[in-house]
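Student: Have a peek at structure_35.tsv (TSV, C-alpha atoms).
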chain	number	residue	atom	x	y	z
N	11	MET	CA	83.02	82.51	121.64
N	12	ALA	CA	81.85	85.07	124.20
N	13	TRP	CA	83.88	87.73	122.39
N	14	GLU	CA	82.02	87.05	119.12
N	15	GLU	CA	78.62	86.92	120.84
N	16	SER	CA	79.23	90.26	122.53
N	17	CYS	CA	80.95	92.21	119.77
N	18	GLY	CA	80.28	90.32	116.53
N	19	GLN	CA	82.89	89.27	114.02
N	20	SER	CA	85.97	91.47	113.66
N	21	GLU	CA	89.51	91.27	112.33
N	22	PRO	CA	91.19	90.66	115.72
N	23	LEU	CA	88.71	87.90	116.48
N	24	VAL	CA	89.20	86.14	113.14
N	25	ARG	CA	92.97	86.54	113.45
N	26	LEU	CA	92.87	84.88	116.85
N	27	LYS	CA	90.55	82.08	115.67
N	28	ILE	CA	92.85	81.31	112.73
N	29	LEU	CA	95.98	81.14	114.87
N	30	ALA	CA	94.20	79.20	117.64
N	31	SER	CA	92.92	76.59	115.17
N	32	ILE	CA	96.43	76.18	113.78
N	33	TRP	CA	97.70	75.77	117.37
N	34	ASP	CA	95.07	73.06	117.99
N	35	ASP	CA	95.86	71.38	114.65
N	36	ALA	CA	92.19	71.88	113.75
N	37	PHE	CA	92.46	74.53	111.03
N	38	THR	CA	89.92	74.58	108.19
N	39	GLU	CA	88.98	77.39	105.86
N	40	LYS	CA	85.52	77.50	107.41
N	41	VAL	CA	87.02	79.69	110.14
N	42	TYR	CA	86.68	82.70	107.80
N	43	ASP	CA	84.61	83.89	104.83
N	44	SER	CA	85.02	86.45	102.03
N	45	ARG	CA	85.60	89.20	104.61
N	46	ILE	CA	89.09	87.78	105.14
N	47	VAL	CA	90.28	90.04	102.30
N	48	ASP	CA	89.19	93.14	104.23
N	49	TYR	CA	90.82	91.79	107.38
N	50	LEU	CA	94.15	91.20	105.62
N	51	ILE	CA	94.10	94.76	104.30
N	52	TRP	CA	93.19	96.19	107.71
N	53	ARG	CA	95.91	94.35	109.65
N	54	TYR	CA	98.82	96.44	108.33
N	55	ASP	CA	96.91	99.47	107.08
N	56	PRO	CA	99.21	102.54	107.41
N	57	ASN	CA	96.48	104.70	108.94
N	58	ARG	CA	95.83	102.05	111.58
N	59	GLN	CA	99.53	101.67	112.33
N	60	LYS	CA	99.88	105.41	112.98
N	61	ASN	CA	97.40	105.15	115.81
N	62	ILE	CA	99.12	102.29	117.65
N	63	THR	CA	102.67	103.53	117.95
N	64	GLY	CA	102.59	102.45	121.62
N	65	PRO	CA	102.20	100.47	123.59
N	66	VAL	CA	101.16	103.24	125.92
N	67	LYS	CA	100.37	102.32	129.52
N	68	PRO	CA	96.68	102.87	130.28
N	69	SER	CA	95.80	105.60	132.70
N	70	GLU	CA	95.23	104.20	136.17
N	71	ALA	CA	92.91	107.09	136.84
N	72	SER	CA	90.51	106.20	134.08
N	73	GLY	CA	88.58	103.72	136.21
N	74	ASP	CA	85.98	101.81	134.24
N	75	VAL	CA	85.98	104.33	131.40
N	76	ALA	CA	88.09	103.25	128.42
N	77	THR	CA	90.40	105.96	127.10
N	78	ASP	CA	92.27	106.32	123.81
N	79	SER	CA	95.42	105.25	125.63
N	80	ASP	CA	93.68	102.08	126.79
N	81	TYR	CA	92.74	101.13	123.23
N	82	THR	CA	96.20	102.01	121.97
N	83	PHE	CA	97.82	99.89	124.66
N	84	TYR	CA	95.60	96.84	124.22
N	85	THR	CA	95.70	96.98	120.41
N	86	ALA	CA	99.49	97.15	120.39
N	87	SER	CA	99.69	94.37	123.00
N	88	PHE	CA	97.33	92.14	121.00
N	89	ASP	CA	99.31	92.72	117.80
N	90	THR	CA	102.54	91.82	119.59
N	91	PHE	CA	100.97	88.67	121.05
N	92	THR	CA	99.63	87.42	117.68
N	93	THR	CA	102.92	88.22	115.95
N	94	ASP	CA	104.82	86.15	118.53
N	95	LEU	CA	102.27	83.34	118.31
N	96	ALA	CA	102.50	83.24	114.50
N	97	ASN	CA	106.29	83.12	114.73
N	98	GLN	CA	106.10	80.15	117.12
N	99	LEU	CA	103.62	78.28	114.92
N	100	LEU	CA	105.43	78.93	111.64
N	101	PRO	CA	108.07	76.15	111.92
N	102	HIS	CA	105.32	73.60	112.59
N	103	THR	CA	103.13	74.36	109.56
N	104	LYS	CA	103.09	72.36	106.36
N	105	PRO	CA	105.14	74.05	103.60
N	106	GLU	CA	103.10	75.85	100.93
N	107	SER	CA	99.88	75.49	102.94
N	108	VAL	CA	97.16	77.99	103.84
N	109	GLU	CA	98.25	77.63	107.47
N	110	GLN	CA	101.77	78.63	106.51
N	111	PHE	CA	100.42	81.64	104.61
N	112	PHE	CA	98.65	82.93	107.71
N	113	CYS	CA	101.63	82.34	109.97
N	114	LEU	CA	103.89	84.19	107.55
N	115	PHE	CA	101.40	87.02	107.16
N	116	TYR	CA	100.66	87.52	110.84
N	117	SER	CA	104.35	87.26	111.76
N	118	GLY	CA	105.04	90.23	109.48
N	119	GLU	CA	106.52	88.43	106.46
N	120	THR	CA	103.76	89.71	104.18
N	121	ASP	CA	105.79	89.77	100.94
N	122	VAL	CA	106.74	86.09	101.35
N	123	ALA	CA	103.14	85.21	102.21
N	124	PHE	CA	101.64	86.86	99.12
N	125	GLU	CA	104.34	85.40	96.89
N	126	MET	CA	103.32	81.96	98.15
N	127	LEU	CA	99.63	82.77	97.62
N	128	HIS	CA	100.34	83.36	93.93
N	129	GLY	CA	101.77	79.85	93.57
N	130	ARG	CA	100.08	76.70	92.32
N	131	THR	CA	99.76	74.91	95.65
N	132	LEU	CA	97.15	77.37	96.96
N	133	ALA	CA	95.32	77.79	93.64
N	134	SER	CA	92.34	75.68	94.79
N	135	SER	CA	92.00	77.24	98.25
N	136	ASP	CA	89.10	79.46	99.29
N	137	LEU	CA	91.64	82.10	100.32
N	138	ARG	CA	93.07	82.23	96.80
N	139	TRP	CA	89.55	82.51	95.34
N	140	TYR	CA	88.61	85.42	97.62
N	141	TYR	CA	91.94	87.11	96.89
N	142	GLN	CA	91.70	86.67	93.12
N	143	ARG	CA	88.13	87.96	93.04
N	144	GLU	CA	89.20	91.13	94.84
N	145	MET	CA	92.22	91.65	92.57
N	146	ASN	CA	90.08	91.19	89.45
N	147	TYR	CA	87.78	93.91	90.76
N	148	LEU	CA	90.65	96.26	91.58
N	149	ARG	CA	92.20	95.78	88.14
N	150	LYS	CA	89.01	97.14	86.60
N	151	GLU	CA	90.28	100.54	87.44
N	152	LYS	CA	87.71	103.30	87.70
N	153	PRO	CA	88.52	106.75	86.31
N	154	ARG	CA	90.75	108.44	88.86
N	155	PRO	CA	90.43	112.23	89.20
N	156	ILE	CA	93.44	114.48	89.60
N	157	PHE	CA	93.17	118.16	90.56
N	158	SER	CA	96.33	120.12	89.74
N	159	PHE	CA	97.70	123.63	89.84
N	160	THR	CA	100.50	124.58	87.47
N	161	SER	CA	102.87	127.42	86.79
N	162	GLY	CA	105.43	127.90	84.08
N	163	VAL	CA	106.39	129.98	81.06
N	164	TRP	CA	104.64	130.67	77.76
N	165	LYS	CA	106.98	131.51	74.85
N	166	PRO	CA	105.27	132.89	71.69
N	167	GLU	CA	106.43	132.55	68.07
N	168	GLY	CA	105.52	134.08	64.69
N	169	ASP	CA	103.44	137.28	64.81
N	170	LEU	CA	103.10	136.76	68.56
N	171	LEU	CA	106.81	137.47	69.13
N	172	LEU	CA	105.92	141.10	69.78
N	173	VAL	CA	104.01	140.02	72.87
N	174	GLY	CA	107.08	138.53	74.56
N	175	ASP	CA	107.37	135.68	77.06
N	176	HIS	CA	104.77	135.41	79.82
N	177	SER	CA	104.28	133.51	83.03
N	178	GLN	CA	101.33	131.16	82.95
N	179	PHE	CA	99.16	129.70	85.70
N	180	SER	CA	96.55	127.01	85.22
N	181	PHE	CA	94.13	124.67	86.90
N	182	LEU	CA	93.74	121.14	85.50
N	183	VAL	CA	90.97	118.64	86.17
N	184	SER	CA	92.07	115.24	84.89
N	185	LEU	CA	90.61	111.76	84.68
N	186	ARG	CA	92.95	108.80	84.29
N	187	LYS	CA	91.77	105.30	83.49
N	188	GLU	CA	94.28	102.60	82.68
N	189	GLN	CA	96.47	104.21	79.96
N	190	TRP	CA	94.05	106.97	78.94
N	191	ILE	CA	93.94	110.56	80.14
N	192	ALA	CA	91.39	113.35	79.65
N	193	ARG	CA	91.69	116.77	81.24
N	194	ILE	CA	90.11	120.21	81.19
N	195	VAL	CA	92.58	123.11	81.24
N	196	LEU	CA	91.93	126.65	82.43
N	197	GLU	CA	95.05	128.75	81.89
N	198	VAL	CA	95.81	132.44	82.36
N	199	ARG	CA	98.79	134.49	81.15
N	200	PRO	CA	98.54	137.90	82.78
N	201	GLY	CA	100.71	140.92	82.13
N	202	ARG	CA	101.50	143.31	79.32
N	203	SER	CA	102.77	142.96	75.81
N	204	ALA	CA	106.46	143.66	75.23
N	205	HIS	CA	105.45	145.96	72.34
N	206	PRO	CA	102.14	147.78	71.74
N	207	TYR	CA	99.80	146.43	69.08
N	208	LEU	CA	96.91	147.95	67.12
N	209	VAL	CA	93.34	146.91	67.93
N	210	VAL	CA	89.99	147.94	66.46
N	211	ASN	CA	87.95	148.83	69.54
N	212	THR	CA	84.21	148.36	70.08
N	213	GLU	CA	83.48	151.78	68.50
N	214	GLY	CA	85.35	150.87	65.30
N	215	ASN	CA	88.37	153.04	66.04
N	216	THR	CA	91.96	151.79	65.88
N	217	GLU	CA	94.12	152.30	68.94
N	218	PHE	CA	97.22	150.87	70.56
N	219	SER	CA	97.21	148.51	73.53
N	220	ASP	CA	99.97	146.88	75.53
N	221	ARG	CA	97.62	144.87	77.76
N	222	TRP	CA	97.88	141.07	77.43
N	223	ASP	CA	95.27	139.48	79.66
N	224	ASN	CA	95.28	136.10	77.95
N	225	ILE	CA	93.06	133.15	78.90
N	226	TYR	CA	92.90	129.66	77.45
N	227	LEU	CA	90.14	127.09	78.06
N	228	GLY	CA	90.71	123.73	76.45
N	229	LEU	CA	90.43	119.97	76.46
N	230	GLU	CA	93.40	117.60	76.32
N	231	LEU	CA	93.30	113.90	75.51
N	232	GLY	CA	96.33	111.70	76.06
N	233	ARG	CA	97.71	108.24	76.56
N	234	GLU	CA	100.30	106.88	78.94
N	235	MET	CA	103.29	105.81	76.87
N	236	ILE	CA	105.77	104.65	79.50
N	237	LYS	CA	105.14	103.56	83.09
N	238	PHE	CA	107.72	102.41	85.61
N	239	GLY	CA	106.83	102.20	89.28
N	240	SER	CA	105.44	105.54	90.43
N	241	HIS	CA	106.63	107.29	87.26
N	242	SER	CA	104.62	107.90	84.11
N	243	VAL	CA	105.34	109.53	80.73
N	244	ASP	CA	102.43	110.42	78.46
N	245	GLY	CA	101.68	112.16	75.17
N	246	PHE	CA	98.63	114.33	74.53
N	247	VAL	CA	96.80	116.53	72.02
N	248	GLY	CA	94.52	119.42	72.82
N	249	ILE	CA	92.20	122.03	71.41
N	250	GLY	CA	90.63	125.08	73.00
N	251	TYR	CA	89.57	128.69	72.93
N	252	ASP	CA	92.36	131.27	73.27
N	253	ALA	CA	91.31	134.84	74.02
N	254	VAL	CA	92.93	138.18	74.82
N	255	MET	CA	91.29	141.14	76.54
N	256	PRO	CA	93.17	144.15	75.12
N	257	PHE	CA	91.30	146.89	77.03
N	258	TRP	CA	90.42	146.84	80.70
N	259	ASP	CA	87.38	149.10	80.32
N	260	GLU	CA	85.87	147.53	77.16
N	261	ASP	CA	83.94	144.31	76.71
N	262	LEU	CA	86.16	143.14	73.85
N	263	LEU	CA	87.74	139.71	73.44
N	264	LEU	CA	90.13	138.73	70.65
N	265	GLY	CA	89.45	135.01	70.42
N	266	THR	CA	90.69	132.18	68.25
N	267	VAL	CA	91.34	128.45	68.16
N	268	ASN	CA	94.41	127.01	69.85
N	269	ALA	CA	95.39	123.49	68.70
N	270	ASN	CA	98.26	121.90	70.58
N	271	ALA	CA	100.20	118.73	71.34
N	272	GLY	CA	102.82	117.76	73.87
N	273	PHE	CA	104.23	115.26	76.31
N	274	GLY	CA	104.35	115.11	80.08
N	275	TYR	CA	105.85	113.37	83.09
N	276	ARG	CA	104.10	112.43	86.34
N	277	PHE	CA	105.40	111.16	89.66
N	278	PHE	CA	102.84	109.68	92.06
N	279	ALA	CA	103.86	110.05	95.70
N	280	GLY	CA	102.34	109.28	99.09
N	281	GLU	CA	101.02	106.17	100.81
N	282	SER	CA	98.33	105.66	98.15
N	283	ARG	CA	100.11	107.66	95.44
N	284	GLN	CA	97.63	110.47	95.92
N	285	TRP	CA	100.09	113.35	95.46
N	286	VAL	CA	101.04	114.01	91.85
N	287	LEU	CA	104.06	116.03	90.72
N	288	GLY	CA	104.41	116.69	87.02
N	289	ALA	CA	105.83	118.65	84.10
N	290	ASP	CA	104.48	119.20	80.58
N	291	TYR	CA	105.98	120.60	77.39
N	292	ARG	CA	103.35	121.75	74.89
N	293	PHE	CA	103.51	123.03	71.29
N	294	GLU	CA	100.69	125.40	70.23
N	295	ALA	CA	99.30	126.54	66.86
N	296	ILE	CA	97.23	129.69	67.37
N	297	GLY	CA	94.80	130.90	64.70
N	298	SER	CA	94.33	134.42	63.35
N	299	ARG	CA	92.48	137.11	65.30
N	300	ASN	CA	92.34	140.88	65.68
N	301	SER	CA	90.89	141.64	62.25
N	302	GLY	CA	91.85	145.15	61.13
N	303	GLY	CA	94.65	145.41	63.66
N	304	THR	CA	98.09	143.90	64.26
N	305	GLY	CA	98.25	140.21	63.35
N	306	LEU	CA	98.29	138.04	66.46
N	307	SER	CA	98.46	134.55	64.98
N	308	GLY	CA	101.41	132.21	65.20
N	309	GLY	CA	102.51	129.61	67.71
N	310	ALA	CA	103.90	129.15	71.17
N	311	THR	CA	105.52	126.62	73.46
N	312	THR	CA	104.55	126.15	77.08
N	313	LEU	CA	106.55	124.59	79.88
N	314	ARG	CA	104.43	123.99	82.95
N	315	PHE	CA	105.13	122.37	86.32
N	316	SER	CA	102.25	120.96	88.32
N	317	VAL	CA	101.33	119.87	91.83
N	318	GLY	CA	98.15	117.86	92.19
N	319	PHE	CA	96.07	115.67	94.42
N	320	SER	CA	94.31	112.47	93.41
N	321	PRO	CA	91.77	110.90	95.77
N	322	ASP	CA	92.49	107.18	95.39
N	323	LEU	CA	88.90	106.16	96.31
N	324	GLY	CA	90.35	103.35	98.44
N	325	ASN	CA	91.62	101.23	95.57
N	326	GLY	CA	95.29	102.11	96.04
N	327	ARG	CA	95.12	101.32	99.75
N	328	ARG	CA	93.46	97.96	99.04
N	329	ARG	CA	96.03	97.02	96.38
N	330	ASP	CA	98.87	97.91	98.74
N	331	GLY	CA	97.24	95.89	101.49
N	332	LEU	CA	97.14	92.85	99.20
N	333	GLY	CA	100.80	92.99	98.22
N	334	HIS	CA	100.54	95.14	95.06
Would you put the structure from the file into structure tokens?
Tutor:
Amino acid sequence: MAWEESCGQSEPLVRLKILASIWDDAFTEKVYDSRIVDYLIWRYDPNRQKNITGPVKPSEASGDVATDSDYTFYTASFDTFTTDLANQLLPHTKPESVEQFFCLFYSGETDVAFEMLHGRTLASSDLRWYYQREMNYLRKEKPRPIFSFTSGVWKPEGDLLLVGDHSQFSFLVSLRKEQWIARIVLEVRPGRSAHPYLVVNTEGNTEFSDRWDNIYLGLELGREMIKFGSHSVDGFVGIGYDAVMPFWDEDLLLGTVNANAGFGYRFFAGESRQWVLGADYRFEAIGSRNSGGTGLSGGATTLRFSVGFSPDLGNGRRRDGLGH
């Protein structure tokens, strides 16, 4: 075809060749190769659809220079033409055939088309082999990063009751793969203690402080326990370094180990589930610190709410484009 010789192979060209061969009753699977998977994904890709919300009439003043409106108009017109053609061909295709799959797909009945592709009648087709190979690859899910900001409340217990409740803010860097979760947590709890406490300063003297500049740096490991649609519930355990800076003008940190456990909820939103809303409830056991001063060991509970972003690396878009 002159089109193919001038521009090379592309999705619109392959789409037209498939429908034209069905029209001529000359369809064979040689009309496409493994790239058909990419073309199926591209046809109804949400980002592509946003750009062709026309048709928009081309500018008559553009002359021989193609404008964005020209491309929008001709793309929308071509999509409409192939949709109508597929609808006309559909009643004349053999049931449960590859030809019927393409007519269903290009006419817009994508769910019906993919449901048929999963059936036994197309199991030996090249199309099914290309499709299954892609799905097997996508199921081998790579670690997916999530970057989240949280805020919430930290409620101390035991000797730490004298400190009082504090707001907390944190930054989480998570990796999720299949059911497993690993994340680094950097958390701050600024403010002042509800009651002063005694501290041995850097010169060896004991003095009171009501400053509570608290920072926690830790690692959490978890597993997804329940998953339904875009919702996920997981459990996790964590360990980290918990430190307080009691004096603004002294290089003194009261540090200890913080061991914790909890459970969380995540909701994945957006076209490729890249936005992540969540909540966690965490129980903490905090070791002893502040030798020679007021005891600051005990426990705490944290309730945090998070907003995050997860680059989907293209896998979510490809799964959606293939009916998953």
Student: Please, what distance in Å, to one decimal, runs between CA of Leu50 (chain N) and CA of Phe88 (chain N)?
Tutor: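 These two atoms are separated by 15.7 Å.
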Student: Need to verify the contact set: Ser31 (chain N), 12 Å, all atoms listed in the file, exclusion of same-chain residues closer than 2 positions in sequence. Can you return it as a PyMOL selection string?
Tutor: chain N and resi 24-29+33-42+95-96+99+103+109+112-113
Student: Which polymer residues have any atom within 7 Å of an atom of Ser180 (chain N), counting all atoms listed in the file, with same-chain residues fewer than 4 positions away left out, as a list of chain:residue names?
Tutor: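 The neighbour list is N:Phe159, N:Thr160, N:Ser161, N:Val195, N:Leu196, N:Glu197, N:Val198.
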Student: Please list as an mmCIF file with C-alpha atoms, in the coordinates of the input every residue within 12 Å of Phe238 (chain N), counting only C-alpha atoms and excluding residues in the same chain fewer than 3 positions away.
Tutor:
data_model
loop_
_atom_site.group_PDB
_atom_site.id
_atom_site.type_symbol
_atom_site.label_atom_id
_atom_site.label_comp_id
_atom_site.auth_asym_id
_atom_site.auth_seq_id
_atom_site.Cartn_x
_atom_site.Cartn_y
_atom_site.Cartn_z
ATOM 1 C CA GLU N 234 100.300 106.880 78.940
ATOM 2 C CA MET N 235 103.290 105.810 76.870
ATOM 3 C CA HIS N 241 106.630 107.290 87.260
ATOM 4 C CA SER N 242 104.620 107.900 84.110
ATOM 5 C CA VAL N 243 105.340 109.530 80.730
ATOM 6 C CA ASP N 244 102.430 110.420 78.460
ATOM 7 C CA TYR N 275 105.850 113.370 83.090
ATOM 8 C CA ARG N 276 104.100 112.430 86.340
ATOM 9 C CA PHE N 277 105.400 111.160 89.660
ATOM 10 C CA PHE N 278 102.840 109.680 92.060
#
Student: Separation of CA of Ser184 (chain N) and CA of Arg154 (chain N), in Å?
Tutor: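 If I compute the distance from CA of Ser184 (chain N) to CA of Arg154 (chain N), I get 8.0 Å.
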